[in-house]
>>> print(open('model-v6.txt').read())   # compact mmCIF, C-alpha atoms
# COMPACT_ATOMS: atom_id res chain seq x y z
CA MET A 245 -12.51 -150.75 -85.30
CA SER A 246 -13.90 -153.55 -87.46
CA ILE A 247 -17.50 -153.46 -88.68
CA ILE A 248 -18.35 -156.26 -86.23
CA GLU A 249 -16.95 -154.26 -83.31
CA ILE A 250 -18.87 -151.15 -84.40
CA ILE A 251 -22.17 -153.05 -84.62
CA ILE A 252 -21.71 -154.91 -81.33
CA LEU A 253 -20.62 -151.85 -79.32
CA ALA A 254 -23.38 -149.62 -80.74
CA LEU A 255 -26.03 -152.23 -79.98
CA ILE A 256 -24.60 -152.78 -76.49
CA GLN A 257 -24.82 -149.04 -75.78
CA GLY A 258 -28.38 -148.82 -77.08
CA PHE A 259 -29.72 -151.91 -75.34
CA THR A 260 -28.02 -151.32 -72.00
CA GLU A 261 -28.23 -147.52 -71.53
CA PHE A 262 -31.79 -147.67 -70.21
CA LEU A 263 -31.86 -151.18 -68.75
CA PRO A 264 -30.82 -151.55 -65.08
CA ILE A 265 -27.73 -153.56 -66.04
CA SER A 266 -25.04 -150.86 -66.66
CA SER A 267 -24.07 -149.73 -70.15
CA SER A 268 -20.60 -148.58 -69.03
CA ALA A 269 -19.82 -152.06 -67.69
CA HIS A 270 -20.90 -153.73 -70.91
CA LEU A 271 -18.82 -151.31 -73.00
CA ILE A 272 -15.73 -151.89 -70.86
CA LEU A 273 -16.01 -155.69 -70.83
CA PRO A 274 -15.16 -156.35 -74.52
CA SER A 275 -11.78 -154.67 -74.06
CA GLN A 276 -11.21 -156.43 -70.72
CA ILE A 277 -12.24 -159.91 -71.91
CA LEU A 278 -11.74 -159.92 -75.71
CA GLY A 279 -8.80 -157.55 -75.83
CA TRP A 280 -10.52 -155.07 -78.14
CA GLU A 281 -8.96 -151.64 -78.41
CA ASP A 282 -10.79 -148.70 -76.83
CA GLN A 283 -13.51 -147.49 -79.20
CA GLY A 284 -12.35 -143.89 -78.91
CA LEU A 285 -13.93 -140.62 -77.90
CA ALA A 286 -15.66 -139.91 -81.22
CA PHE A 287 -17.52 -143.24 -81.13
CA ASP A 288 -18.55 -142.63 -77.51
CA VAL A 289 -20.07 -139.33 -78.62
CA ALA A 290 -21.92 -141.00 -81.50
CA VAL A 291 -23.56 -143.76 -79.47
CA HIS A 292 -24.55 -141.34 -76.70
CA VAL A 293 -26.15 -139.07 -79.29
CA GLY A 294 -28.08 -142.07 -80.60
CA THR A 295 -29.45 -143.00 -77.17
CA LEU A 296 -30.28 -139.36 -76.41
CA ILE A 297 -32.32 -139.03 -79.62
CA ALA A 298 -34.13 -142.26 -78.74
CA VAL A 299 -35.24 -141.18 -75.25
CA VAL A 300 -36.25 -137.68 -76.41
CA ILE A 301 -38.36 -139.06 -79.27
CA TYR A 302 -39.95 -141.77 -77.12
CA PHE A 303 -40.92 -139.29 -74.40
CA ARG A 304 -41.49 -136.36 -76.77
CA LYS A 305 -44.94 -135.53 -75.38
CA GLU A 306 -43.71 -135.52 -71.78
CA VAL A 307 -40.63 -133.50 -72.74
CA VAL A 308 -42.70 -130.86 -74.55
CA ASP A 309 -45.26 -130.66 -71.71
CA ILE A 310 -42.57 -130.34 -69.03
CA LEU A 311 -40.53 -127.73 -70.92
CA SER A 312 -43.63 -125.70 -71.78
CA ALA A 313 -44.93 -125.76 -68.21
CA TRP A 314 -41.49 -124.96 -66.78
CA PHE A 315 -41.06 -121.84 -68.94
CA LYS A 316 -44.67 -120.75 -68.31
CA SER A 317 -44.13 -121.08 -64.55
CA PHE A 318 -42.07 -117.89 -64.69
CA GLY A 319 -45.11 -116.02 -65.98
CA LYS A 320 -48.73 -115.64 -64.94
CA GLU A 321 -49.65 -119.35 -65.16
CA GLY A 322 -47.57 -120.20 -62.08
CA THR A 323 -46.59 -123.65 -60.85
CA THR A 324 -48.13 -126.85 -62.23
CA ASP A 325 -47.36 -130.55 -61.77
CA ASP A 326 -45.34 -130.55 -64.99
CA SER A 327 -43.36 -127.43 -64.09
CA LYS A 328 -42.51 -128.96 -60.68
CA LEU A 329 -41.36 -132.11 -62.47
CA GLY A 330 -39.10 -129.94 -64.60
CA TRP A 331 -37.52 -128.48 -61.45
CA TRP A 332 -37.10 -131.97 -59.92
CA ILE A 333 -35.31 -133.18 -63.08
CA ILE A 334 -32.95 -130.19 -62.90
CA LEU A 335 -32.35 -130.76 -59.18
CA GLY A 336 -31.77 -134.48 -59.72
CA THR A 337 -29.15 -133.72 -62.37
CA VAL A 338 -27.00 -131.42 -60.21
CA PRO A 339 -25.22 -134.06 -58.02
CA ALA A 340 -24.10 -136.19 -60.97
CA ALA A 341 -23.00 -133.12 -62.95
CA ILE A 342 -20.84 -131.77 -60.10
CA LEU A 343 -19.41 -135.08 -58.88
CA GLY A 344 -18.89 -136.22 -62.46
CA LEU A 345 -16.52 -133.33 -63.10
CA LEU A 346 -14.75 -133.74 -59.75
CA LEU A 347 -14.30 -137.51 -59.78
CA LYS A 348 -14.07 -138.36 -63.49
CA ASP A 349 -10.28 -138.77 -63.56
CA PHE A 350 -10.21 -140.82 -60.35
CA ILE A 351 -12.89 -143.20 -61.64
CA GLU A 352 -11.20 -143.54 -65.04
CA LEU A 353 -7.90 -144.35 -63.36
CA TYR A 354 -8.92 -146.67 -60.53
CA LEU A 355 -12.43 -148.06 -61.01
CA ARG A 356 -12.67 -149.21 -64.63
CA SER A 357 -11.69 -152.81 -63.89
CA ALA A 358 -13.51 -156.11 -64.34
CA TRP A 359 -13.29 -156.81 -60.58
CA VAL A 360 -15.06 -153.54 -59.76
CA ILE A 361 -17.70 -154.27 -62.40
CA ALA A 362 -18.29 -157.79 -61.05
CA THR A 363 -18.71 -156.47 -57.50
CA THR A 364 -21.01 -153.55 -58.32
CA THR A 365 -23.05 -155.68 -60.71
CA ILE A 366 -23.89 -158.10 -57.89
CA VAL A 367 -24.26 -155.59 -55.04
CA PHE A 368 -26.51 -153.14 -56.89
CA GLY A 369 -28.42 -156.00 -58.46
CA LEU A 370 -29.33 -157.23 -54.97
CA LEU A 371 -30.31 -153.69 -53.96
CA LEU A 372 -32.61 -153.49 -57.00
CA TRP A 373 -34.23 -156.79 -55.98
CA TYR A 374 -34.74 -155.53 -52.42
CA ALA A 375 -36.28 -152.26 -53.59
CA ASP A 376 -38.59 -154.06 -56.00
CA ALA A 377 -39.68 -156.57 -53.38
CA LYS A 378 -40.00 -154.25 -50.38
CA GLY A 379 -40.89 -150.84 -51.85
CA LYS A 380 -44.45 -149.63 -51.22
CA GLN A 381 -44.85 -148.62 -54.88
CA ILE A 382 -47.79 -146.28 -54.32
CA LYS A 383 -46.43 -142.90 -55.43
CA THR A 384 -46.66 -141.52 -58.96
CA ILE A 385 -44.07 -139.41 -60.73
CA TYR A 386 -46.06 -136.27 -59.80
CA GLN A 387 -45.76 -137.04 -56.08
CA LEU A 388 -42.03 -136.38 -56.05
CA ASN A 389 -40.74 -133.45 -54.01
CA TRP A 390 -37.40 -131.68 -53.86
CA LYS A 391 -36.05 -134.07 -51.22
CA THR A 392 -36.87 -137.25 -53.12
CA ALA A 393 -35.60 -135.73 -56.39
CA LEU A 394 -32.30 -134.84 -54.70
CA ILE A 395 -31.93 -138.34 -53.21
CA ILE A 396 -32.47 -139.90 -56.63
CA GLY A 397 -29.99 -137.36 -58.02
CA PHE A 398 -27.30 -138.48 -55.58
CA ALA A 399 -28.11 -142.09 -56.49
CA GLN A 400 -27.52 -141.15 -60.12
CA ALA A 401 -24.10 -139.77 -59.15
CA VAL A 402 -23.16 -143.18 -57.68
CA ALA A 403 -23.67 -144.64 -61.16
CA MET A 404 -20.38 -143.10 -62.26
CA ILE A 405 -18.84 -146.27 -60.79
CA PRO A 406 -18.82 -148.82 -63.64
CA GLY A 407 -21.24 -151.70 -63.14
CA THR A 408 -23.66 -149.70 -60.99
CA SER A 409 -26.08 -148.73 -63.83
CA ARG A 410 -27.46 -145.20 -63.97
CA SER A 411 -30.98 -146.37 -64.72
CA GLY A 412 -30.71 -149.22 -62.22
CA ILE A 413 -29.62 -147.10 -59.25
CA THR A 414 -32.13 -144.32 -59.95
CA MET A 415 -34.97 -146.84 -60.25
CA THR A 416 -33.76 -148.54 -57.08
CA ALA A 417 -33.86 -145.20 -55.24
CA GLY A 418 -37.29 -144.38 -56.69
CA LEU A 419 -38.73 -147.74 -55.62
CA MET A 420 -37.26 -147.41 -52.11
CA LEU A 421 -38.88 -143.97 -51.86
CA GLY A 422 -42.28 -145.51 -52.60
CA MET A 423 -42.67 -144.85 -56.32
CA ASN A 424 -44.46 -147.40 -58.48
CA LYS A 425 -42.45 -149.20 -61.18
CA GLN A 426 -43.71 -147.16 -64.13
CA SER A 427 -43.10 -143.85 -62.37
CA ALA A 428 -39.63 -144.86 -61.16
CA ALA A 429 -38.69 -145.95 -64.69
CA ARG A 430 -40.13 -142.84 -66.37
CA PHE A 431 -38.40 -140.46 -63.98
CA SER A 432 -35.15 -142.36 -64.51
CA PHE A 433 -35.51 -142.03 -68.29
CA LEU A 434 -36.42 -138.33 -68.14
CA LEU A 435 -33.49 -137.76 -65.76
CA ALA A 436 -31.24 -139.32 -68.38
CA ILE A 437 -31.91 -136.55 -70.92
CA PRO A 438 -29.97 -133.69 -69.27
CA ILE A 439 -27.12 -135.87 -67.99
CA ILE A 440 -26.57 -137.59 -71.38
CA SER A 441 -26.82 -134.17 -73.06
CA MET A 442 -24.12 -132.76 -70.77
CA MET A 443 -21.91 -135.81 -71.28
CA GLY A 444 -22.35 -135.43 -75.04
CA LEU A 445 -21.42 -131.75 -74.95
CA TYR A 446 -18.40 -132.49 -72.75
CA TYR A 447 -17.19 -135.19 -75.14
CA ILE A 448 -17.83 -132.99 -78.19
CA ALA A 449 -15.78 -130.18 -76.62
CA GLU A 450 -12.98 -132.65 -75.85
CA LEU A 451 -13.19 -133.94 -79.40
CA ALA A 452 -13.07 -130.45 -80.89
CA LEU A 453 -10.12 -129.35 -78.77
CA GLY A 454 -8.13 -132.56 -79.18
CA ASP A 455 -6.32 -134.14 -82.11
CA HIS A 456 -8.82 -136.90 -82.96
CA VAL A 457 -9.26 -138.64 -86.30
CA VAL A 458 -12.96 -138.86 -87.17
CA ASP A 459 -14.42 -141.60 -89.36
CA TRP A 460 -17.86 -140.18 -90.19
CA ASN A 461 -19.22 -143.44 -91.62
CA THR A 462 -18.40 -145.22 -88.36
CA LEU A 463 -20.03 -142.46 -86.32
CA LEU A 464 -23.19 -142.44 -88.44
CA LEU A 465 -23.55 -146.20 -88.10
CA GLY A 466 -23.03 -145.89 -84.35
CA VAL A 467 -25.72 -143.21 -84.04
CA VAL A 468 -28.28 -145.18 -86.08
CA LEU A 469 -27.72 -148.53 -84.36
CA SER A 470 -27.65 -147.09 -80.83
CA PHE A 471 -30.81 -145.07 -81.58
CA LEU A 472 -32.77 -148.07 -82.90
CA SER A 473 -31.68 -150.42 -80.11
CA ALA A 474 -32.27 -147.82 -77.36
CA TYR A 475 -35.77 -146.99 -78.65
CA ALA A 476 -36.69 -150.68 -78.81
CA CYS A 477 -35.20 -151.17 -75.34
CA ILE A 478 -37.30 -148.42 -73.73
CA PHE A 479 -40.49 -149.79 -75.32
CA MET A 480 -39.71 -153.35 -74.22
CA PHE A 481 -38.60 -152.44 -70.71
CA LEU A 482 -41.75 -150.50 -69.83
CA LYS A 483 -43.82 -153.51 -70.96
CA VAL A 484 -41.72 -156.09 -69.12
CA ILE A 485 -41.62 -154.39 -65.71
CA GLU A 486 -45.41 -154.08 -65.70
CA ARG A 487 -45.76 -157.88 -65.93
CA MET A 488 -42.56 -159.25 -64.39
CA GLY A 489 -41.03 -156.49 -62.30
CA MET A 490 -37.27 -156.14 -61.97
CA LEU A 491 -36.53 -159.81 -61.27
CA PRO A 492 -35.32 -160.76 -64.80
CA PHE A 493 -32.74 -157.95 -64.66
CA VAL A 494 -31.68 -158.87 -61.12
CA ILE A 495 -31.10 -162.48 -62.20
CA TYR A 496 -29.12 -161.30 -65.23
CA ARG A 497 -26.93 -159.06 -63.06
CA LEU A 498 -26.22 -161.87 -60.59
CA LEU A 499 -25.33 -164.31 -63.37
CA LEU A 500 -23.12 -161.72 -65.07
CA GLY A 501 -21.35 -160.81 -61.83
CA VAL A 502 -20.71 -164.41 -60.80
CA GLY A 503 -19.65 -165.30 -64.34
CA LEU A 504 -17.15 -162.46 -64.35
CA ILE A 505 -15.68 -163.54 -61.01
CA VAL A 506 -15.28 -167.12 -62.28
CA PHE A 507 -13.64 -165.84 -65.47
CA LEU A 508 -11.25 -163.59 -63.56
CA MET A 509 -10.21 -166.41 -61.22
CA MET A 510 -9.42 -168.86 -64.03
>>> encode(input="model-v6.txt", output="structure tokens")
Amino acid sequence: MSIIEIIILALIQGFTEFLPISSSAHLILPSQILGWEDQGLAFDVAVHVGTLIAVVIYFRKEVVDILSAWFKSFGKEGTTDDSKLGWWIILGTVPAAILGLLLKDFIELYLRSAWVIATTTIVFGLLLWYADAKGKQIKTIYQLNWKTALIIGFAQAVAMIPGTSRSGITMTAGLMLGMNKQSAARFSFLLAIPIISMMGLYYIAELALGDHVVDWNTLLLGVVLSFLSAYACIFMFLKVIERMGMLPFVIYRLLLGVGLIVFLMM
């Protein structure tokens, strides 16, 4: 990988991981359109570690409160809103974790194409617009229950299809279930922590067991750039949706999807 490819791919991962526009699609497109070689497993690990650090640091207070309350719920203090939220995050992670293991090879083999990305980019973009326009948006993050958490969890599993967007589909589900924008976004970001952690551990195990050449300078640069861009992205996104809603991201998805179709038909 050239230095330009490293910088672009790390920034793409950081900026798109938490926006409702699909990071996997944007990472696949350079190889599909520009003919770049696959960035490799080690680099995937690095940029995912960077985005994980970003979301944990940004939501450090919430993470500490939820973990503390969850562990205390096994003792005398009992159940609290934060401990329930901890359980809902765990429950929402289960579908993606199970289906991810079962369907990973099928998706890698059959669904990582520009045509699939173009289709899912448009379809799930329109669903996001509908949810934003029609959702009641009255519930807070603490008004989730096990049913809504599980529904959002299954929505997260759908995001294994490139172009869907993990954050986009979970926010879409949250909005359709009546959550307000801030709560839908925050639950989506908190839900990202365990699933990105598991992906990272899976990739690290694959890396350790396989015969991979590791360029530590490339990995360090990938971690730093993906961390900085992801942190800035989270901050910006939470500000933008308060004023403008999801419409800018819907428009972007539609333009990207249509542009891809035009490109593929040329």
>>> closest_residue(input="model-v6.txt", among="A:Leu434, A:Ala375, A:Ile272, A:Leu419", to="A:Arg356", atoms="only C-alpha atoms")
A:Ile272
>>> atom_distance(input="model-v6.txt", atom1="atom CA of A:Val367", atom2="atom CA of A:Ala436")
22.2 Å
>>> closest_residue(input="model-v6.txt", among="A:Leu508, A:Val307, A:Val458, A:Leu491", to="A:Ala286", atoms="only C-alpha atoms")
A:Val458
>>> residues_around(input="model-v6.txt", residues="A:Cys477", least_positions_apart="2", cutoff="9 Å", atoms="all atoms listed in the file", output="list in words")
Gly258, Phe259, Thr260, Glu261, Phe262, Leu263, Leu472, Ser473, Ala474, Tyr475, Phe479, Met480, Phe481 and Leu482 of chain A
>>> write_last_selection(input="model-v6.txt", atoms="C-alpha atoms", output="JSON list (two decimals), keeping the file's coordinate frame")
[["chain", "number", "residue", "atom", "x", "y", "z"],
["A", 258, "GLY", "CA", -28.38, -148.82, -77.08],
["A", 259, "PHE", "CA", -29.72, -151.91, -75.34],
["A", 260, "THR", "CA", -28.02, -151.32, -72.00],
["A", 261, "GLU", "CA", -28.23, -147.52, -71.53],
["A", 262, "PHE", "CA", -31.79, -147.67, -70.21],
["A", 263, "LEU", "CA", -31.86, -151.18, -68.75],
["A", 472, "LEU", "CA", -32.77, -148.07, -82.90],
["A", 473, "SER", "CA", -31.68, -150.42, -80.11],
["A", 474, "ALA", "CA", -32.27, -147.82, -77.36],
["A", 475, "TYR", "CA", -35.77, -146.99, -78.65],
["A", 479, "PHE", "CA", -40.49, -149.79, -75.32],
["A", 480, "MET", "CA", -39.71, -153.35, -74.22],
["A", 481, "PHE", "CA", -38.60, -152.44, -70.71],
["A", 482, "LEU", "CA", -41.75, -150.50, -69.83]]
>>> residues_around(input="model-v6.txt", residues="A:Lys316", least_positions_apart="5", cutoff="12 Å", atoms="all atoms listed in the file", output="PyMOL selection string")
chain A and resi 309-311+321-324+326-328+330
>>> residues_near_point(input="model-v6.txt", point="(-21.7, -156.8, -59.5)", cutoff="9 Å", atoms="only C-alpha atoms", output="PyMOL selection string")
chain A and resi 359-370+407-408+497-498+500-502+504
>>> write_last_selection(input="model-v6.txt", atoms="C-alpha atoms", output="tab-separated table (two decimals), in the coordinates of the input")
chain	number	residue	atom	x	y	z
A	359	TRP	CA	-13.29	-156.81	-60.58
A	360	VAL	CA	-15.06	-153.54	-59.76
A	361	ILE	CA	-17.70	-154.27	-62.40
A	362	ALA	CA	-18.29	-157.79	-61.05
A	363	THR	CA	-18.71	-156.47	-57.50
A	364	THR	CA	-21.01	-153.55	-58.32
A	365	THR	CA	-23.05	-155.68	-60.71
A	366	ILE	CA	-23.89	-158.10	-57.89
A	367	VAL	CA	-24.26	-155.59	-55.04
A	368	PHE	CA	-26.51	-153.14	-56.89
A	369	GLY	CA	-28.42	-156.00	-58.46
A	370	LEU	CA	-29.33	-157.23	-54.97
A	407	GLY	CA	-21.24	-151.70	-63.14
A	408	THR	CA	-23.66	-149.70	-60.99
A	497	ARG	CA	-26.93	-159.06	-63.06
A	498	LEU	CA	-26.22	-161.87	-60.59
A	500	LEU	CA	-23.12	-161.72	-65.07
A	501	GLY	CA	-21.35	-160.81	-61.83
A	502	VAL	CA	-20.71	-164.41	-60.80
A	504	LEU	CA	-17.15	-162.46	-64.35
>>> residues_around(input="model-v6.txt", residues="A:Leu435", least_positions_apart="2", cutoff="10 Å", atoms="all atoms listed in the file", output="short mmCIF file (atom, residue, chain, number, x, y, z; two decimals) with C-alpha atoms, keeping the file's coordinate frame")
data_model
loop_
_atom_site.label_atom_id
_atom_site.label_comp_id
_atom_site.auth_asym_id
_atom_site.auth_seq_id
_atom_site.Cartn_x
_atom_site.Cartn_y
_atom_site.Cartn_z
CA GLY A 330 -39.10 -129.94 -64.60
CA TRP A 332 -37.10 -131.97 -59.92
CA ILE A 333 -35.31 -133.18 -63.08
CA ILE A 334 -32.95 -130.19 -62.90
CA LEU A 335 -32.35 -130.76 -59.18
CA GLY A 336 -31.77 -134.48 -59.72
CA THR A 337 -29.15 -133.72 -62.37
CA ALA A 393 -35.60 -135.73 -56.39
CA ILE A 396 -32.47 -139.90 -56.63
CA GLY A 397 -29.99 -137.36 -58.02
CA GLN A 400 -27.52 -141.15 -60.12
CA ARG A 410 -27.46 -145.20 -63.97
CA SER A 411 -30.98 -146.37 -64.72
CA THR A 414 -32.13 -144.32 -59.95
CA ALA A 429 -38.69 -145.95 -64.69
CA ARG A 430 -40.13 -142.84 -66.37
CA PHE A 431 -38.40 -140.46 -63.98
CA SER A 432 -35.15 -142.36 -64.51
CA PHE A 433 -35.51 -142.03 -68.29
CA ILE A 437 -31.91 -136.55 -70.92
CA PRO A 438 -29.97 -133.69 -69.27
CA ILE A 439 -27.12 -135.87 -67.99
CA ILE A 440 -26.57 -137.59 -71.38
#
>>> closest_residue(input="model-v6.txt", among="A:Ala269, A:Ala449, A:Ala358, A:Ile382", to="A:Gln257", atoms="only C-alpha atoms")
A:Ala269
>>> atom_distance(input="model-v6.txt", atom1="atom CA of A:Met404", atom2="atom CA of A:Leu372")
16.9 Å
>>> atom_distance(input="model-v6.txt", atom1="atom CA of A:Thr416", atom2="atom CA of A:Ser312")
28.9 Å
>>> closest_residue(input="model-v6.txt", among="A:Ile478, A:Val467, A:Leu371, A:Val506", to="A:Val291", atoms="only C-alpha atoms")
A:Val467
>>> closest_residue(input="model-v6.txt", among="A:Tyr302, A:Leu278, A:Gly418, A:Leu464", to="A:Phe507", atoms="all atoms listed in the file")
A:Leu278
>>> closest_residue(input="model-v6.txt", among="A:Ile385, A:Ile256, A:Leu499, A:Val468", to="A:Ala298", atoms="only C-alpha atoms")
A:Val468
>>> axis_aligned_box(input="model-v6.txt", around="stretch 247-255 of chain A", padding_each_side="3 Å", output="AutoDock Vina command-line options")
--center_x -21.5 --center_y -152.9 --center_z -84.0 --size_x 15.1 --size_y 12.6 --size_z 15.4
